[in-house]
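First the structure, in the form of structure tokens, and then the observations on it.
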Amino acid sequence: MADSTHDPDGMTQKQKLRDQFLRAEHSTEADAAPRIEVSEHDGNVRIDIADTAAVRPGPGPGVDDPESDS
């Protein structure tokens with residue numbers, strides 16, 4: 001039976017993800033930049049959008065943001 005944890009190409013999961021982002025034509029290092037930050041506090045996992053993320057969640061173009069009306 002094969003060992004499912006063995007990685008024949010010797011790449012970590014993080015390296016594989018970066019490789020996928022950079023494989024597309026005209027891709028840049030910015031495409032592979034982290035978009036989220038994961039931290040753990042008192043057994044709770046928190047996922048935040050990275051401050052450096054080029055694309056952030058929120059209303060799309062032409063959609064009113066109710067939080068900006070303060």
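For the structure tokens, the naming scheme is as follows: chains receive sequential letters (A, B, ...) according to their order of presentation, residues are indexed from 1 within each chain, and ligands are indexed from 1 in presentation order.
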
field: Backbone-only DSSP, strand (DSSP E or B) members of chain A, as a PyMOL selection string
entry: chain A and resi 36-41+44-49

task: Can you pull out every residue within 12 Å of stretch 36-46 of chain A, counting only C-alpha atoms, but drop anything in the same chain fewer than 6 positions away, and send it as a VMD selection string?
output: chain A and resid 52 to 57

Output of the above residues as a short mmCIF file (atom, residue, chain, number, x, y, z; two decimals), in the first residue's frame, restricted to N, CA, C and O atoms:
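Okay, part-v7.cif is ready:
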data_model
loop_
_atom_site.label_atom_id
_atom_site.label_comp_id
_atom_site.auth_asym_id
_atom_site.auth_seq_id
_atom_site.Cartn_x
_atom_site.Cartn_y
_atom_site.Cartn_z
N THR A 52 -2.01 43.27 2.91
CA THR A 52 -1.35 43.39 1.61
C THR A 52 -2.16 42.78 0.46
O THR A 52 -1.72 42.82 -0.68
N ALA A 53 -3.32 42.20 0.76
CA ALA A 53 -4.13 41.55 -0.28
C ALA A 53 -4.57 42.57 -1.32
O ALA A 53 -5.11 43.62 -0.99
N ALA A 54 -4.34 42.24 -2.59
CA ALA A 54 -4.72 43.15 -3.67
C ALA A 54 -6.22 43.21 -3.85
O ALA A 54 -6.77 44.23 -4.25
N VAL A 55 -6.89 42.13 -3.57
CA VAL A 55 -8.34 42.05 -3.72
C VAL A 55 -8.94 41.79 -2.35
O VAL A 55 -8.51 40.90 -1.64
N ARG A 56 -9.91 42.58 -1.97
CA ARG A 56 -10.53 42.45 -0.65
C ARG A 56 -12.03 42.25 -0.81
O ARG A 56 -12.62 42.75 -1.75
N PRO A 57 -12.64 41.54 0.12
CA PRO A 57 -14.09 41.33 0.03
C PRO A 57 -14.83 42.64 0.28
O PRO A 57 -14.32 43.53 0.95
#

- prompt: Any idea what's packed within 8 Å of A:Leu22, counting only C-alpha atoms, ignoring anything in its chain fewer than 4 positions away? Could you give it as a PyMOL selection string?
  reply: chain A and resi 18+27-29+31-32

File of the preceding selection, N, CA, C and O atoms, as a CSV table (one decimal), in the first residue's frame:
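Listing of part35.csv after writing:
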chain,number,residue,atom,x,y,z
A,18,ARG,N,2.1,28.1,-4.4
A,18,ARG,CA,2.8,29.2,-5.1
A,18,ARG,C,3.1,28.9,-6.5
A,18,ARG,O,2.9,29.7,-7.4
A,27,SER,N,1.7,35.8,-15.1
A,27,SER,CA,1.5,35.9,-13.7
A,27,SER,C,2.8,36.6,-13.1
A,27,SER,O,3.9,36.6,-13.7
A,28,THR,N,2.6,37.2,-11.9
A,28,THR,CA,3.8,37.8,-11.2
A,28,THR,C,3.8,37.3,-9.8
A,28,THR,O,2.9,36.6,-9.3
A,29,GLU,N,4.9,37.7,-9.1
A,29,GLU,CA,5.0,37.3,-7.7
A,29,GLU,C,3.8,37.9,-6.9
A,29,GLU,O,3.4,37.2,-5.9
A,31,ASP,N,0.8,37.8,-7.7
A,31,ASP,CA,-0.3,36.8,-7.8
A,31,ASP,C,-0.2,35.7,-6.7
A,31,ASP,O,-1.1,35.1,-6.3
A,32,ALA,N,1.1,35.4,-6.3
A,32,ALA,CA,1.3,34.4,-5.3
A,32,ALA,C,1.4,34.9,-3.9
A,32,ALA,O,1.6,34.1,-2.9

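The space between atom CA of A:Asp51 and atom CA of A:Ala33 spans 11.2 Å.
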
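Atom CA of A:Ala24 is positioned 27.2 Å from atom CA of A:Pro59.
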